[in-house]
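Listing of input32.cif; format and content: mmCIF, C-alpha atoms and all ligand atoms.
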data_protein
loop_
_atom_site.group_PDB
_atom_site.id
_atom_site.type_symbol
_atom_site.label_atom_id
_atom_site.label_comp_id
_atom_site.auth_asym_id
_atom_site.auth_seq_id
_atom_site.Cartn_x
_atom_site.Cartn_y
_atom_site.Cartn_z
ATOM 1 C CA MET A 1 215.349 6.856 122.378
ATOM 2 C CA GLU A 2 211.723 6.760 121.194
ATOM 3 C CA GLU A 3 210.332 8.008 124.535
ATOM 4 C CA GLU A 4 212.692 10.987 124.703
ATOM 5 C CA PHE A 5 211.945 11.728 121.039
ATOM 6 C CA LEU A 6 208.210 11.781 121.789
ATOM 7 C CA ARG A 7 208.699 14.131 124.745
ATOM 8 C CA TYR A 8 210.239 16.670 122.357
ATOM 9 C CA VAL A 9 207.441 16.168 119.808
ATOM 10 C CA ARG A 10 204.794 16.810 122.492
ATOM 11 C CA LEU A 11 206.706 19.849 123.754
ATOM 12 C CA LEU A 12 206.787 21.278 120.218
ATOM 13 C CA TYR A 13 203.034 20.717 119.923
ATOM 14 C CA GLU A 14 202.186 22.121 123.341
ATOM 15 C CA ARG A 15 204.256 25.251 122.705
ATOM 16 C CA GLY A 16 202.491 25.808 119.388
ATOM 17 C CA HIS A 17 205.435 25.227 117.057
ATOM 18 C CA ILE A 18 203.786 22.299 115.285
ATOM 19 C CA THR A 19 200.095 21.600 114.781
ATOM 20 C CA LEU A 20 198.173 18.345 114.965
ATOM 21 C CA LEU A 21 199.202 17.196 111.497
ATOM 22 C CA SER A 22 201.845 19.657 110.328
ATOM 23 C CA GLY A 23 205.547 19.724 111.116
ATOM 24 C CA ASN A 24 207.888 16.770 111.504
ATOM 25 C CA VAL A 25 210.832 15.685 113.590
ATOM 26 C CA SER A 26 213.750 13.290 113.147
ATOM 27 C CA ALA A 27 216.817 12.125 115.052
ATOM 28 C CA LYS A 28 219.766 10.134 113.725
ATOM 29 C CA SER A 29 221.225 7.072 115.380
ATOM 30 C CA GLY A 30 224.151 5.528 113.518
ATOM 31 C CA ASP A 31 223.020 5.171 109.893
ATOM 32 C CA LEU A 32 219.328 5.134 110.777
ATOM 33 C CA ILE A 33 216.832 7.932 111.234
ATOM 34 C CA LEU A 34 213.912 7.935 113.682
ATOM 35 C CA ILE A 35 211.164 10.065 112.144
ATOM 36 C CA THR A 36 207.537 11.065 112.681
ATOM 37 C CA PRO A 37 204.891 9.377 110.498
ATOM 38 C CA THR A 38 202.759 11.198 107.951
ATOM 39 C CA ASN A 39 199.180 12.209 108.786
ATOM 40 C CA TRP A 40 199.148 11.177 112.423
ATOM 41 C CA PRO A 41 198.111 13.461 115.329
ATOM 42 C CA LYS A 42 201.419 14.498 116.907
ATOM 43 C CA PRO A 43 200.497 14.687 120.623
ATOM 44 C CA PHE A 44 199.040 11.164 120.566
ATOM 45 C CA LEU A 45 202.008 9.425 118.917
ATOM 46 C CA THR A 46 203.252 6.269 120.646
ATOM 47 C CA PRO A 47 206.695 4.641 120.184
ATOM 48 C CA GLU A 48 205.064 2.058 117.858
ATOM 49 C CA ASP A 49 203.803 4.850 115.563
ATOM 50 C CA LEU A 50 207.323 6.157 114.906
ATOM 51 C CA VAL A 51 209.214 5.082 111.798
ATOM 52 C CA TRP A 52 212.863 4.120 111.330
ATOM 53 C CA ILE A 53 214.249 4.822 107.856
ATOM 54 C CA ASN A 54 217.703 4.515 106.330
ATOM 55 C CA LEU A 55 219.557 7.237 104.414
ATOM 56 C CA SER A 56 217.811 6.083 101.211
ATOM 57 C CA GLY A 57 214.419 6.734 102.775
ATOM 58 C CA GLU A 58 213.501 3.033 102.998
ATOM 59 C CA VAL A 59 211.438 2.028 106.021
ATOM 60 C CA VAL A 60 213.501 -0.276 108.214
ATOM 61 C CA LYS A 61 211.060 -0.484 111.120
ATOM 62 C CA GLY A 62 207.511 0.731 111.731
ATOM 63 C CA ARG A 63 204.017 0.095 110.373
ATOM 64 C CA LEU A 64 203.306 3.683 109.263
ATOM 65 C CA ARG A 65 204.697 5.743 106.382
ATOM 66 C CA PRO A 66 207.289 8.423 107.215
ATOM 67 C CA THR A 67 206.463 12.136 106.906
ATOM 68 C CA SER A 68 206.104 13.402 103.336
ATOM 69 C CA GLU A 69 209.140 15.627 104.072
ATOM 70 C CA TRP A 70 211.436 12.652 104.807
ATOM 71 C CA ARG A 71 213.689 13.694 101.892
ATOM 72 C CA LEU A 72 214.382 17.027 103.559
ATOM 73 C CA HIS A 73 215.620 15.239 106.691
ATOM 74 C CA VAL A 74 217.726 12.728 104.729
ATOM 75 C CA GLU A 75 219.307 15.432 102.555
ATOM 76 C CA VAL A 76 220.327 17.423 105.651
ATOM 77 C CA TYR A 77 221.958 14.379 107.292
ATOM 78 C CA LYS A 78 223.829 13.600 104.063
ATOM 79 C CA ARG A 79 225.331 17.102 103.994
ATOM 80 C CA ARG A 80 225.911 17.688 107.724
ATOM 81 C CA GLN A 81 227.768 14.931 109.571
ATOM 82 C CA ASP A 82 227.570 17.025 112.760
ATOM 83 C CA VAL A 83 223.757 17.057 112.739
ATOM 84 C CA GLY A 84 221.888 14.523 114.880
ATOM 85 C CA ALA A 85 218.390 16.003 114.808
ATOM 86 C CA VAL A 86 216.182 17.934 112.377
ATOM 87 C CA VAL A 87 212.971 19.738 113.325
ATOM 88 C CA HIS A 88 210.540 21.173 110.784
ATOM 89 C CA THR A 89 207.742 23.372 112.092
ATOM 90 C CA HIS A 90 205.057 25.590 110.636
ATOM 91 C CA ASP A 91 205.771 28.484 113.023
ATOM 92 C CA VAL A 92 203.710 31.342 111.593
ATOM 93 C CA LEU A 93 205.645 34.456 112.647
ATOM 94 C CA PRO A 94 209.136 33.442 111.436
ATOM 95 C CA THR A 95 207.534 32.193 108.204
ATOM 96 C CA VAL A 96 205.724 35.470 107.562
ATOM 97 C CA LEU A 97 208.748 37.620 108.445
ATOM 98 C CA ALA A 98 211.352 35.464 106.608
ATOM 99 C CA GLU A 99 214.188 37.756 105.418
ATOM 100 C CA ARG A 100 212.840 40.568 107.604
ATOM 101 C CA ILE A 101 213.933 38.667 110.742
ATOM 102 C CA ASP A 102 216.579 40.731 112.513
ATOM 103 C CA ALA A 103 219.178 38.293 113.884
ATOM 104 C CA SER A 104 220.634 41.068 116.062
ATOM 105 C CA ALA A 105 217.328 41.701 117.866
ATOM 106 C CA LEU A 106 218.236 39.258 120.666
ATOM 107 C CA SER A 107 221.750 38.535 121.864
ATOM 108 C CA GLU A 108 220.802 34.925 122.667
ATOM 109 C CA ALA A 109 220.300 34.330 118.958
ATOM 110 C CA GLU A 110 224.013 34.707 118.271
ATOM 111 C CA ALA A 111 224.862 32.258 121.045
ATOM 112 C CA TYR A 112 222.299 29.621 120.176
ATOM 113 C CA LEU A 113 221.842 29.840 116.425
ATOM 114 C CA GLY A 114 225.559 30.060 115.681
ATOM 115 C CA SER A 115 224.798 31.540 112.258
ATOM 116 C CA GLY A 116 222.319 33.725 110.432
ATOM 117 C CA VAL A 117 218.845 32.722 109.356
ATOM 118 C CA ALA A 118 218.773 31.208 105.860
ATOM 119 C CA VAL A 119 215.705 31.875 103.686
ATOM 120 C CA VAL A 120 214.559 29.381 101.057
ATOM 121 C CA PRO A 121 212.213 30.584 98.271
ATOM 122 C CA TYR A 122 208.797 28.946 98.072
ATOM 123 C CA ILE A 123 208.961 25.439 96.640
ATOM 124 C CA LYS A 124 206.093 22.948 96.748
ATOM 125 C CA PRO A 125 206.133 21.003 100.055
ATOM 126 C CA GLY A 126 207.115 17.340 99.986
ATOM 127 C CA THR A 127 209.175 17.617 96.807
ATOM 128 C CA ARG A 128 212.755 16.577 96.113
ATOM 129 C CA GLU A 129 213.411 20.176 94.975
ATOM 130 C CA LEU A 130 212.412 21.578 98.350
ATOM 131 C CA ALA A 131 214.433 18.924 100.204
ATOM 132 C CA GLU A 132 217.567 19.794 98.251
ATOM 133 C CA ALA A 133 217.131 23.571 98.433
ATOM 134 C CA ALA A 134 216.545 23.456 102.196
ATOM 135 C CA ALA A 135 219.461 21.085 102.814
ATOM 136 C CA GLU A 136 221.775 23.307 100.735
ATOM 137 C CA ALA A 137 220.694 26.367 102.734
ATOM 138 C CA LEU A 138 221.378 24.461 105.952
ATOM 139 C CA ILE A 139 224.993 23.698 105.057
ATOM 140 C CA HIS A 140 226.049 27.088 106.447
ATOM 141 C CA SER A 141 223.086 27.811 108.717
ATOM 142 C CA ASN A 142 221.439 25.997 111.597
ATOM 143 C CA VAL A 143 218.009 27.462 110.930
ATOM 144 C CA ALA A 144 216.168 28.158 107.702
ATOM 145 C CA VAL A 145 212.821 29.726 106.860
ATOM 146 C CA LEU A 146 210.929 28.092 104.005
ATOM 147 C CA LYS A 147 208.899 30.928 102.482
ATOM 148 C CA ARG A 148 205.111 30.590 102.931
ATOM 149 C CA HIS A 149 205.695 27.211 104.553
ATOM 150 C CA GLY A 150 207.660 27.006 107.794
ATOM 151 C CA VAL A 151 210.971 26.599 109.530
ATOM 152 C CA VAL A 152 213.734 23.979 109.694
ATOM 153 C CA ALA A 153 216.209 23.834 112.578
ATOM 154 C CA VAL A 154 219.092 21.398 112.971
ATOM 155 C CA GLY A 155 221.267 20.488 115.934
ATOM 156 C CA ARG A 156 223.648 17.934 117.392
ATOM 157 C CA ASP A 157 220.647 16.487 119.216
ATOM 158 C CA LEU A 158 216.962 17.234 119.728
ATOM 159 C CA ALA A 159 217.670 19.578 122.642
ATOM 160 C CA GLU A 160 219.777 21.802 120.389
ATOM 161 C CA ALA A 161 217.437 21.651 117.383
ATOM 162 C CA VAL A 162 214.279 22.295 119.452
ATOM 163 C CA ASN A 163 216.003 25.146 121.298
ATOM 164 C CA ARG A 164 216.849 26.717 117.934
ATOM 165 C CA VAL A 165 213.174 26.490 116.912
ATOM 166 C CA GLU A 166 212.285 28.369 120.095
ATOM 167 C CA VAL A 167 215.032 30.974 119.716
ATOM 168 C CA LEU A 168 213.969 31.622 116.108
ATOM 169 C CA ALA A 169 210.340 32.054 117.210
ATOM 170 C CA ASP A 170 211.488 34.529 119.898
ATOM 171 C CA LEU A 171 213.666 36.338 117.376
ATOM 172 C CA ALA A 172 210.661 36.738 115.075
ATOM 173 C CA LYS A 173 208.604 38.122 117.978
ATOM 174 C CA ALA A 174 211.403 40.520 118.956
ATOM 175 C CA THR A 175 211.648 41.694 115.340
ATOM 176 C CA LEU A 176 207.907 42.332 115.135
ATOM 177 C CA TYR A 177 207.743 44.190 118.467
ATOM 178 C CA THR A 178 210.782 46.300 117.562
ATOM 179 C CA THR A 179 209.167 47.220 114.243
ATOM 180 C CA ILE A 180 205.867 48.145 115.916
ATOM 181 C CA LEU A 181 207.687 50.288 118.506
ATOM 182 C CA LYS A 182 209.542 52.129 115.744
ATOM 183 C CA ILE A 183 206.228 52.945 114.056
ATOM 184 C CA VAL A 184 204.711 54.068 117.374
ATOM 185 C CA GLU A 185 207.710 56.350 118.031
ATOM 186 C CA LYS A 186 207.746 57.729 114.492
ATOM 187 C CA TYR A 187 204.086 58.706 114.540
ATOM 188 C CA ALA A 188 204.019 59.443 118.298
ATOM 189 C CA LEU A 189 200.998 57.166 118.688
HETATM 190 ZN ZN ZN A 201 205.933 21.510 106.235
#

Final C-alpha cells representation of the file:
Amino acid sequence: MEEEFLRYVRLLYERGHITLLSGNVSAKSGDLILITPTNWPKPFLTPEDLVWINLSGEVVKGRLRPTSEWRLHVEVYKRRQDVGAVVHTHDVLPTVLAERIDASALSEAEAYLGSGVAVVPYIKPGTRELAEAAAEALIHSNVAVLKRHGVVAVGRDLAEAVNRVEVLADLAKATLYTTILKIVEKYAL
C-alpha cells in the first residue's frame, strides 16, 4: 500500500499540484490512516517516512510526525464512510478563482466530481476550526476550495481523489480561459 501511495504523491508533485513541502495526502485502511509526514520533501518520501495514525490522530506506526492538517483528514473520514482517500493540494488557480469556478465549463466535471465545488472561507491552516469547516463542506461535495489556501478532494481511493484534483485544476483553467475569451470578444481585442 505504501508504494502505491507514494506513486500518487510523486505524481501530484510532478504535475505541480503539491509543492516540496505543501499539500498532504492520506488513504484509509480499516480503522487506520496512512498519511504524509509534516515538513518532509514530498518527491523524496520513502515508505519508512510515511505515518500511520488512528482516527484519534495518534501515531500508530512511523518515526515522523503526521502533516499539520491531519485533523482535516480524520474529520473527513469520520463524516464520510464511503471515502478511502483525501488529497489536499495548494493548486493556485482553483484557489484564486474559488466561487468563480464554473462547474459547467467542462462536461467531464459532472461525471468525475459528482457534485459542485464547495468553498470554505479562509480559516488559519492546521487548526481544528479549518478541519471541521472543510469536513462539513465535504459531506455533500467531493471537492472543496479553501479560500487563500488550497484544495481538498476526496474519493473511494487515491485514483478517484487524485483524478478529482486534476479535474478541478482543469475546470479552473477552463473557467479562466472562458472568461478571457469573453473579454476579448466584448472589446474585440
Ligand atoms: Zn494546506

Subject >> Selected residue of minimal separation from Glu48 of chain A among A:Leu34, A:Val120, A:Ile183, A:Leu113, counting only C-alpha atoms >> reply: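 Of A:Leu34, A:Val120, A:Ile183, A:Leu113, the one nearest Glu48 of chain A is A:Leu34, counting only C-alpha atoms.
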
How would you write, as a compact mmCIF listing (two decimals) with C-alpha atoms, keeping the file's coordinate frame, the set of residues no farther than 6 Å from ligand ZN 201 (chain A) when counting all atoms listed in the file?
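What landed in part_8.txt:
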# COMPACT_ATOMS: atom_id res chain seq x y z
CA GLY A 23 205.55 19.72 111.12
CA HIS A 149 205.70 27.21 104.55
CA GLY A 150 207.66 27.01 107.79

Original post:
Of the candidates A:Ile33, A:Val119, A:Val76, A:Ile139, which one gets nearest to Gly57 of chain A if we count only C-alpha atoms?
Top reply: A:Ile33

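In this structure, atom CA of Asp91 of chain A sits 7.2 Å away from atom CA of Ala169 of chain A.
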
Subject >> Nearest to Leu12 of chain A, chosen from A:Ala85, A:Ala144, A:Val25, A:Leu97, with only C-alpha atoms counted in the distances >> reply: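 Comparing A:Ala85, A:Ala144, A:Val25, A:Leu97 against Leu12 of chain A, the winner is A:Val25.
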
N, CA and C atoms of segment 106-121 of chain A from block above, as an mmCIF file, in the first residue's frame:
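Below is the file that was written, decode-v1.cif:
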data_model
loop_
_atom_site.group_PDB
_atom_site.id
_atom_site.type_symbol
_atom_site.label_atom_id
_atom_site.label_comp_id
_atom_site.auth_asym_id
_atom_site.auth_seq_id
_atom_site.Cartn_x
_atom_site.Cartn_y
_atom_site.Cartn_z
ATOM 1 N N LEU A 106 -16.699 22.346 -18.165
ATOM 2 C CA LEU A 106 -16.246 21.088 -18.775
ATOM 3 C C LEU A 106 -17.232 19.986 -18.423
ATOM 4 N N SER A 107 -17.659 19.228 -19.424
ATOM 5 C CA SER A 107 -18.646 18.187 -19.141
ATOM 6 C C SER A 107 -18.054 17.080 -18.269
ATOM 7 N N GLU A 108 -16.723 16.868 -18.359
ATOM 8 C CA GLU A 108 -16.116 15.812 -17.548
ATOM 9 C C GLU A 108 -16.249 16.098 -16.045
ATOM 10 N N ALA A 109 -16.410 17.365 -15.716
ATOM 11 C CA ALA A 109 -16.510 17.720 -14.298
ATOM 12 C C ALA A 109 -17.732 17.074 -13.668
ATOM 13 N N GLU A 110 -18.849 17.105 -14.404
ATOM 14 C CA GLU A 110 -20.077 16.496 -13.870
ATOM 15 C C GLU A 110 -19.862 15.014 -13.619
ATOM 16 N N ALA A 111 -19.218 14.348 -14.578
ATOM 17 C CA ALA A 111 -19.008 12.904 -14.480
ATOM 18 C C ALA A 111 -18.062 12.547 -13.341
ATOM 19 N N TYR A 112 -16.988 13.299 -13.210
ATOM 20 C CA TYR A 112 -15.962 12.910 -12.244
ATOM 21 C C TYR A 112 -16.132 13.529 -10.855
ATOM 22 N N LEU A 113 -16.635 14.743 -10.793
ATOM 23 C CA LEU A 113 -16.741 15.361 -9.466
ATOM 24 C C LEU A 113 -17.994 14.889 -8.736
ATOM 25 N N GLY A 114 -19.054 14.597 -9.504
ATOM 26 C CA GLY A 114 -20.263 14.062 -8.897
ATOM 27 C C GLY A 114 -20.993 15.043 -8.004
ATOM 28 N N SER A 115 -20.571 16.297 -8.020
ATOM 29 C CA SER A 115 -21.199 17.324 -7.172
ATOM 30 C C SER A 115 -20.589 18.661 -7.557
ATOM 31 N N GLY A 116 -21.053 19.709 -6.950
ATOM 32 C CA GLY A 116 -20.476 21.030 -7.194
ATOM 33 C C GLY A 116 -19.190 21.201 -6.398
ATOM 34 N N VAL A 117 -18.615 22.381 -6.558
ATOM 35 C CA VAL A 117 -17.370 22.693 -5.846
ATOM 36 C C VAL A 117 -17.719 23.495 -4.593
ATOM 37 N N ALA A 118 -17.432 22.935 -3.422
ATOM 38 C CA ALA A 118 -17.698 23.657 -2.174
ATOM 39 C C ALA A 118 -16.598 24.695 -1.953
ATOM 40 N N VAL A 119 -16.939 25.805 -1.307
ATOM 41 C CA VAL A 119 -15.945 26.838 -0.996
ATOM 42 C C VAL A 119 -15.976 27.104 0.510
ATOM 43 N N VAL A 120 -14.812 27.006 1.118
ATOM 44 C CA VAL A 120 -14.692 27.205 2.573
ATOM 45 C C VAL A 120 -14.012 28.559 2.811
ATOM 46 N N PRO A 121 -14.588 29.415 3.653
ATOM 47 C CA PRO A 121 -13.959 30.721 3.920
ATOM 48 C C PRO A 121 -12.559 30.541 4.516
#
